[in-house]
Amino acid sequence: MKMKWTVRDVGAYFAERDYVDTAVVPLVKITWHNEIKATVEQGEFTTLMADRLEGQLKGRLMLFPPFTYLKSEDVANRLKRLQSWMEMLRRDGMKHVFLITSDAEWKTVESDLDESLIWIPSLPLEHMDPEHGDEMIANQTKQLLQIVTAKWQNA
Amino acid sequence: MSSEHDVSRRQFLNYTLTGVGGFMAAGMTLPMIRFAIDPLLKQGKGEENFYDIGLKESDLTEQPQKIQFVQKDIKDGWYTFDQKKEVYVFKHEGEIFALSPVCTHLGCLVHWSPEPPYANEFQCPCHGSRFTKTGINIAGLPATAPLHRYDVKVKDGKILIGNLHPRNNIPAVPPKY
Ligand code: FES
């Protein structure tokens, strides 16, 4: 079974919804103006980590498409939009929502995101040889996993 | 907005994670994880494909080791891709075992633990299923089938992994804990 935003996976969700109580939403910033490369790097890393998390814990979580926002959008506005995602998810059965991002700007509004934010600094993967990169990703995934399972246990 | 002096549990975790990130950037490695980037892939009609997972027979221990390997050209619906897979490999009573870590309940990846509370069992982080060392499901938990097992062969001292098989005919074992 898999738990991604596809028709087949959502079908699996309906069959097993009692066991799937966690939503994962990657937060990805978009710009086509300046600091493009750094922004893309962050977004790519965020998506990658969310994907790895889903790979490990697919039986209990559903990976949603990324919540995207323009670099130029003001933070209050982003927050408002994101909160409406979270409200919907909670109302419709998701006991846990994990927001995954490498964008440090979210940390400034972290207290408005009720314990859901997991910030992971992105790694400069393009400068690493594949094997080393793989190992670092595996290590980061492991840390992420520990955070998520700890939250499950303390719930 | 966020209060500067309130270090919540979550922030603590975030800071810890940042710290760990920096530490890992310094080159930390996990001894139990290995990678094999280029698997030996032989395409043959009706013939089983065996993958070199980068482990020698002499490296085998009684403790399960988690090995990652790449399986090429997997087809999933419309997509074709290479997939990284994990397998737990070990020797048990002279026999080589290669078990898939995919929980037979809903597919989370199980972890091997030599330590309490569930020593020498595979545990699933999602809904608490557990499996014995040879991958047999423990009764009364969500998973109702054993972990799937790979065919294994040894060639020139190297461990090769073949097809994956379910083992639905093996009964669950009663819990030890
Ligand atoms: S997926 Fe392993 S117990 Fe549910």
# chains A, B, ... in the order shown; residues from 1 in each chain; ligands from 1
>>> closest_atom_pairs(of="chain A", to="ligand 1", cutoff="12 Å", atoms="only C-alpha atoms and all ligand atoms", output="tab-separated table")
residue	atom	partner	partner_atom_place_in_ligand_line	distance
A:Met1	CA	ligand 1	1 (S)	9.4
A:Lys2	CA	ligand 1	1 (S)	10.8
A:Met3	CA	ligand 1	1 (S)	11.7
A:Glu16	CA	ligand 1	4 (Fe)	10.0
A:Arg17	CA	ligand 1	4 (Fe)	11.6
A:Asp18	CA	ligand 1	4 (Fe)	10.6
A:Tyr19	CA	ligand 1	4 (Fe)	7.2
A:Val20	CA	ligand 1	4 (Fe)	9.1
A:Asp21	CA	ligand 1	4 (Fe)	11.6
A:Glu54	CA	ligand 1	1 (S)	11.9
A:Gly55	CA	ligand 1	1 (S)	11.6
A:Gln56	CA	ligand 1	1 (S)	9.7
A:Leu57	CA	ligand 1	1 (S)	7.4
A:Lys58	CA	ligand 1	1 (S)	7.5
A:Gly59	CA	ligand 1	1 (S)	4.6
A:Arg60	CA	ligand 1	1 (S)	6.7
A:Leu61	CA	ligand 1	1 (S)	10.0
>>> residues_around(residues="segment 152-165 of chain B", least_positions_apart="4", cutoff="7 Å", atoms="only C-alpha atoms", output="MDAnalysis selection string")
chainID B and resid 48:53 55:57 98 148
>>> write_last_selection(atoms="all heavy atoms", output="mmCIF file, in the first residue's frame")
data_model
loop_
_atom_site.group_PDB
_atom_site.id
_atom_site.type_symbol
_atom_site.label_atom_id
_atom_site.label_comp_id
_atom_site.auth_asym_id
_atom_site.auth_seq_id
_atom_site.Cartn_x
_atom_site.Cartn_y
_atom_site.Cartn_z
ATOM 1 N N GLU B 48 14.772 -16.024 -12.731
ATOM 2 C CA GLU B 48 14.752 -15.128 -11.589
ATOM 3 C C GLU B 48 15.922 -14.135 -11.634
ATOM 4 O O GLU B 48 17.044 -14.499 -11.963
ATOM 5 C CB GLU B 48 14.823 -15.969 -10.311
ATOM 6 C CG GLU B 48 14.602 -15.167 -9.071
ATOM 7 C CD GLU B 48 14.354 -16.052 -7.864
ATOM 8 O OE1 GLU B 48 14.124 -17.262 -8.043
ATOM 9 O OE2 GLU B 48 14.400 -15.509 -6.747
ATOM 10 N N ASN B 49 15.636 -12.887 -11.310
ATOM 11 C CA ASN B 49 16.698 -11.885 -11.234
ATOM 12 C C ASN B 49 17.298 -11.879 -9.835
ATOM 13 O O ASN B 49 16.565 -11.840 -8.851
ATOM 14 C CB ASN B 49 16.145 -10.490 -11.508
ATOM 15 C CG ASN B 49 15.660 -10.350 -12.922
ATOM 16 O OD1 ASN B 49 16.188 -10.992 -13.831
ATOM 17 N ND2 ASN B 49 14.646 -9.530 -13.116
ATOM 18 N N PHE B 50 18.605 -11.895 -9.787
ATOM 19 C CA PHE B 50 19.262 -11.789 -8.494
ATOM 20 C C PHE B 50 20.071 -10.505 -8.410
ATOM 21 O O PHE B 50 20.731 -10.126 -9.369
ATOM 22 C CB PHE B 50 20.173 -12.999 -8.257
ATOM 23 C CG PHE B 50 19.419 -14.199 -7.758
ATOM 24 C CD1 PHE B 50 18.903 -15.128 -8.651
ATOM 25 C CD2 PHE B 50 19.206 -14.375 -6.401
ATOM 26 C CE1 PHE B 50 18.183 -16.230 -8.185
ATOM 27 C CE2 PHE B 50 18.496 -15.475 -5.936
ATOM 28 C CZ PHE B 50 17.981 -16.399 -6.831
ATOM 29 N N TYR B 51 19.994 -9.839 -7.279
ATOM 30 C CA TYR B 51 20.675 -8.579 -7.085
ATOM 31 C C TYR B 51 21.820 -8.731 -6.106
ATOM 32 O O TYR B 51 21.652 -9.331 -5.043
ATOM 33 C CB TYR B 51 19.707 -7.529 -6.512
ATOM 34 C CG TYR B 51 18.563 -7.233 -7.428
ATOM 35 C CD1 TYR B 51 17.419 -8.017 -7.389
ATOM 36 C CD2 TYR B 51 18.626 -6.185 -8.341
ATOM 37 C CE1 TYR B 51 16.354 -7.766 -8.251
ATOM 38 C CE2 TYR B 51 17.579 -5.924 -9.201
ATOM 39 C CZ TYR B 51 16.437 -6.727 -9.148
ATOM 40 O OH TYR B 51 15.405 -6.468 -9.995
ATOM 41 N N ASP B 52 22.939 -8.158 -6.483
ATOM 42 C CA ASP B 52 24.064 -8.100 -5.568
ATOM 43 C C ASP B 52 23.808 -6.950 -4.603
ATOM 44 O O ASP B 52 23.679 -5.802 -5.021
ATOM 45 C CB ASP B 52 25.338 -7.841 -6.381
ATOM 46 C CG ASP B 52 26.572 -7.792 -5.498
ATOM 47 O OD1 ASP B 52 26.418 -7.759 -4.264
ATOM 48 O OD2 ASP B 52 27.680 -7.773 -6.053
ATOM 49 N N ILE B 53 23.678 -7.239 -3.334
ATOM 50 C CA ILE B 53 23.348 -6.169 -2.388
ATOM 51 C C ILE B 53 24.588 -5.634 -1.677
ATOM 52 O O ILE B 53 24.493 -4.875 -0.716
ATOM 53 C CB ILE B 53 22.294 -6.613 -1.354
ATOM 54 C CG1 ILE B 53 22.753 -7.858 -0.603
ATOM 55 C CG2 ILE B 53 20.964 -6.874 -2.029
ATOM 56 C CD1 ILE B 53 21.960 -8.126 0.651
ATOM 57 N N LEU B 55 26.952 -7.261 -0.009
ATOM 58 C CA LEU B 55 27.280 -7.878 1.274
ATOM 59 C C LEU B 55 27.931 -9.236 1.014
ATOM 60 O O LEU B 55 27.451 -10.003 0.194
ATOM 61 C CB LEU B 55 25.989 -8.070 2.081
ATOM 62 C CG LEU B 55 26.121 -8.533 3.525
ATOM 63 C CD1 LEU B 55 26.609 -7.398 4.417
ATOM 64 C CD2 LEU B 55 24.785 -9.047 4.053
ATOM 65 N N LYS B 56 29.005 -9.500 1.738
ATOM 66 C CA LYS B 56 29.664 -10.799 1.572
ATOM 67 C C LYS B 56 29.110 -11.793 2.580
ATOM 68 O O LYS B 56 28.665 -11.404 3.655
ATOM 69 C CB LYS B 56 31.172 -10.652 1.793
ATOM 70 C CG LYS B 56 31.862 -9.845 0.713
ATOM 71 C CD LYS B 56 33.352 -10.193 0.693
ATOM 72 C CE LYS B 56 34.227 -9.008 0.425
ATOM 73 N NZ LYS B 56 34.379 -8.064 1.520
ATOM 74 N N GLU B 57 29.213 -13.055 2.238
ATOM 75 C CA GLU B 57 28.723 -14.079 3.162
ATOM 76 C C GLU B 57 29.476 -13.977 4.485
ATOM 77 O O GLU B 57 28.911 -14.157 5.557
ATOM 78 C CB GLU B 57 28.878 -15.478 2.566
ATOM 79 C CG GLU B 57 28.114 -16.514 3.375
ATOM 80 C CD GLU B 57 28.324 -17.945 2.911
ATOM 81 O OE1 GLU B 57 29.211 -18.188 2.070
ATOM 82 O OE2 GLU B 57 27.594 -18.818 3.409
ATOM 83 N N ALA B 98 16.750 -13.364 4.401
ATOM 84 C CA ALA B 98 16.677 -12.001 3.875
ATOM 85 C C ALA B 98 15.212 -11.612 3.924
ATOM 86 O O ALA B 98 14.392 -12.133 3.174
ATOM 87 C CB ALA B 98 17.207 -11.949 2.447
ATOM 88 N N HIS B 148 7.626 -10.809 4.459
ATOM 89 C CA HIS B 148 7.967 -11.545 3.246
ATOM 90 C C HIS B 148 9.467 -11.839 3.206
ATOM 91 O O HIS B 148 10.277 -11.077 3.727
ATOM 92 C CB HIS B 148 7.532 -10.755 2.012
ATOM 93 C CG HIS B 148 6.035 -10.595 1.927
ATOM 94 N ND1 HIS B 148 5.401 -10.026 0.859
ATOM 95 C CD2 HIS B 148 5.047 -10.944 2.792
ATOM 96 C CE1 HIS B 148 4.089 -10.033 1.063
ATOM 97 N NE2 HIS B 148 3.852 -10.576 2.238
#
>>> residues_around(residues="Asp92 of chain A", least_positions_apart="2", cutoff="12 Å", atoms="only C-alpha atoms", output="PyMOL selection string")
chain A and resi 17+20-23+85-90+94-97
>>> write_last_selection(atoms="N, CA, C and O atoms", output="short mmCIF file (atom, residue, chain, number, x, y, z; two decimals), in the first residue's frame")
data_model
loop_
_atom_site.label_atom_id
_atom_site.label_comp_id
_atom_site.auth_asym_id
_atom_site.auth_seq_id
_atom_site.Cartn_x
_atom_site.Cartn_y
_atom_site.Cartn_z
N ARG A 17 -9.23 3.65 6.67
CA ARG A 17 -9.14 4.99 7.26
C ARG A 17 -9.01 5.01 8.78
O ARG A 17 -8.51 5.97 9.34
N VAL A 20 -5.29 5.35 9.37
CA VAL A 20 -4.56 6.48 8.80
C VAL A 20 -5.02 7.77 9.49
O VAL A 20 -6.10 8.27 9.21
N ASP A 21 -4.22 8.24 10.43
CA ASP A 21 -4.68 9.38 11.22
C ASP A 21 -3.74 10.58 11.12
O ASP A 21 -3.81 11.50 11.91
N THR A 22 -2.84 10.56 10.15
CA THR A 22 -1.79 11.57 10.09
C THR A 22 -1.63 12.13 8.68
O THR A 22 -1.51 11.36 7.73
N ALA A 23 -1.64 13.45 8.59
CA ALA A 23 -1.42 14.10 7.30
C ALA A 23 -0.04 14.73 7.29
O ALA A 23 0.38 15.33 8.29
N TRP A 85 -6.03 24.96 5.65
CA TRP A 85 -5.73 23.56 5.32
C TRP A 85 -5.80 22.70 6.58
O TRP A 85 -6.41 21.65 6.62
N MET A 86 -5.13 23.20 7.61
CA MET A 86 -5.04 22.41 8.84
C MET A 86 -6.40 22.18 9.47
O MET A 86 -6.70 21.10 9.95
N GLU A 87 -7.21 23.24 9.45
CA GLU A 87 -8.57 23.10 10.00
C GLU A 87 -9.34 22.02 9.27
O GLU A 87 -9.99 21.19 9.87
N MET A 88 -9.25 22.06 7.94
CA MET A 88 -9.97 21.06 7.16
C MET A 88 -9.48 19.66 7.51
O MET A 88 -10.28 18.76 7.74
N LEU A 89 -8.16 19.49 7.55
CA LEU A 89 -7.61 18.16 7.81
C LEU A 89 -8.04 17.63 9.18
O LEU A 89 -8.44 16.48 9.33
N ARG A 90 -7.98 18.50 10.16
CA ARG A 90 -8.36 18.09 11.52
C ARG A 90 -9.85 17.76 11.58
O ARG A 90 -10.25 16.76 12.17
N MET A 94 -8.02 13.85 10.52
CA MET A 94 -6.59 13.70 10.74
C MET A 94 -6.24 14.16 12.15
O MET A 94 -6.33 15.34 12.47
N LYS A 95 -5.83 13.20 12.98
CA LYS A 95 -5.50 13.55 14.37
C LYS A 95 -4.19 14.31 14.43
O LYS A 95 -3.97 15.14 15.31
N HIS A 96 -3.29 13.95 13.52
CA HIS A 96 -1.98 14.62 13.50
C HIS A 96 -1.76 15.26 12.14
O HIS A 96 -2.08 14.66 11.12
N VAL A 97 -1.21 16.46 12.17
CA VAL A 97 -0.80 17.09 10.92
C VAL A 97 0.67 17.46 11.09
O VAL A 97 1.03 18.11 12.08
#
>>> interface_residues(of="chain A", to="chain B", cutoff="10 Å", atoms="only C-alpha atoms", output="PyMOL selection string")
chain A and resi 1-3+8+12+16+19-20+53-61+76+107-112+114-124+130-140+143-153
>>> select_by_dssp(residues="segment 48-152 of chain A", states="helix (DSSP H, G or I)", output="ChimeraX atom specification")
/A:48-57,75-91,104-112,125-127,130-152
>>> residues_around(residues="Val87 of chain B", least_positions_apart="5", cutoff="7 Å", atoms="only C-alpha atoms", output="number ranges by chain")
B: 66-68, 98-101
>>> write_last_selection(atoms="all heavy atoms", output="PDB file, in the first residue's frame")
ATOM      1  N   LYS B  66      20.640  -4.195   8.333  1.00  0.00           N
ATOM      2  CA  LYS B  66      19.778  -3.552   7.335  1.00  0.00           C
ATOM      3  C   LYS B  66      20.620  -3.106   6.149  1.00  0.00           C
ATOM      4  O   LYS B  66      21.545  -2.324   6.291  1.00  0.00           O
ATOM      5  CB  LYS B  66      19.053  -2.355   7.947  1.00  0.00           C
ATOM      6  CG  LYS B  66      18.066  -1.732   6.979  1.00  0.00           C
ATOM      7  CD  LYS B  66      17.051  -0.860   7.674  1.00  0.00           C
ATOM      8  CE  LYS B  66      17.623   0.494   8.007  1.00  0.00           C
ATOM      9  NZ  LYS B  66      16.620   1.380   8.602  1.00  0.00           N
ATOM     10  N   ILE B  67      20.280  -3.617   4.978  1.00  0.00           N
ATOM     11  CA  ILE B  67      21.028  -3.296   3.763  1.00  0.00           C
ATOM     12  C   ILE B  67      20.095  -2.588   2.790  1.00  0.00           C
ATOM     13  O   ILE B  67      18.941  -2.986   2.638  1.00  0.00           O
ATOM     14  CB  ILE B  67      21.537  -4.586   3.076  1.00  0.00           C
ATOM     15  CG1 ILE B  67      22.233  -5.513   4.062  1.00  0.00           C
ATOM     16  CG2 ILE B  67      22.427  -4.258   1.892  1.00  0.00           C
ATOM     17  CD1 ILE B  67      23.563  -5.038   4.542  1.00  0.00           C
ATOM     18  N   GLN B  68      20.594  -1.536   2.150  1.00  0.00           N
ATOM     19  CA  GLN B  68      19.800  -0.894   1.111  1.00  0.00           C
ATOM     20  C   GLN B  68      20.351  -1.281  -0.245  1.00  0.00           C
ATOM     21  O   GLN B  68      21.553  -1.361  -0.424  1.00  0.00           O
ATOM     22  CB  GLN B  68      19.864   0.631   1.276  1.00  0.00           C
ATOM     23  CG  GLN B  68      19.363   1.062   2.635  1.00  0.00           C
ATOM     24  CD  GLN B  68      18.904   2.509   2.659  1.00  0.00           C
ATOM     25  OE1 GLN B  68      19.231   3.291   1.785  1.00  0.00           O
ATOM     26  NE2 GLN B  68      18.148   2.860   3.671  1.00  0.00           N
ATOM     27  N   ALA B  98      16.750 -13.364   4.401  1.00  0.00           N
ATOM     28  CA  ALA B  98      16.677 -12.001   3.875  1.00  0.00           C
ATOM     29  C   ALA B  98      15.212 -11.612   3.924  1.00  0.00           C
ATOM     30  O   ALA B  98      14.392 -12.133   3.174  1.00  0.00           O
ATOM     31  CB  ALA B  98      17.207 -11.949   2.447  1.00  0.00           C
ATOM     32  N   LEU B  99      14.881 -10.735   4.870  1.00  0.00           N
ATOM     33  CA  LEU B  99      13.476 -10.391   5.099  1.00  0.00           C
ATOM     34  C   LEU B  99      13.175  -8.979   4.630  1.00  0.00           C
ATOM     35  O   LEU B  99      13.964  -8.051   4.815  1.00  0.00           O
ATOM     36  CB  LEU B  99      13.146 -10.482   6.590  1.00  0.00           C
ATOM     37  CG  LEU B  99      13.302 -11.846   7.257  1.00  0.00           C
ATOM     38  CD1 LEU B  99      12.935 -11.730   8.741  1.00  0.00           C
ATOM     39  CD2 LEU B  99      12.426 -12.892   6.581  1.00  0.00           C
ATOM     40  N   SER B 100      12.021  -8.822   4.039  1.00  0.00           N
ATOM     41  CA  SER B 100      11.551  -7.501   3.652  1.00  0.00           C
ATOM     42  C   SER B 100      11.072  -6.772   4.918  1.00  0.00           C
ATOM     43  O   SER B 100      10.375  -7.347   5.738  1.00  0.00           O
ATOM     44  CB  SER B 100      10.388  -7.637   2.684  1.00  0.00           C
ATOM     45  OG  SER B 100       9.631  -6.449   2.690  1.00  0.00           O
ATOM     46  N   PRO B 101      11.418  -5.499   5.078  1.00  0.00           N
ATOM     47  CA  PRO B 101      10.976  -4.780   6.267  1.00  0.00           C
ATOM     48  C   PRO B 101       9.558  -4.220   6.139  1.00  0.00           C
ATOM     49  O   PRO B 101       9.096  -3.526   7.033  1.00  0.00           O
ATOM     50  CB  PRO B 101      11.987  -3.631   6.362  1.00  0.00           C
ATOM     51  CG  PRO B 101      12.397  -3.363   4.963  1.00  0.00           C
ATOM     52  CD  PRO B 101      12.299  -4.679   4.223  1.00  0.00           C
TER      53      PRO B 101
END
>>> select_by_dssp(residues="chain A", states="strand (DSSP E)", output="list in words")
Thr22, Ala23, Val24, Val25, Pro26, Leu27, Val28, Lys29, Ile30, Leu61, Met62, Leu63, Phe67, Thr68, Tyr69, Leu70, His96, Val97, Phe98, Leu99, Ile100, Thr101, Leu117, Ile118 and Trp119 of chain A
>>> atom_distance(atom1="atom CA of His33 of chain A", atom2="atom CA of Glu73 of chain A")
13.1 Å
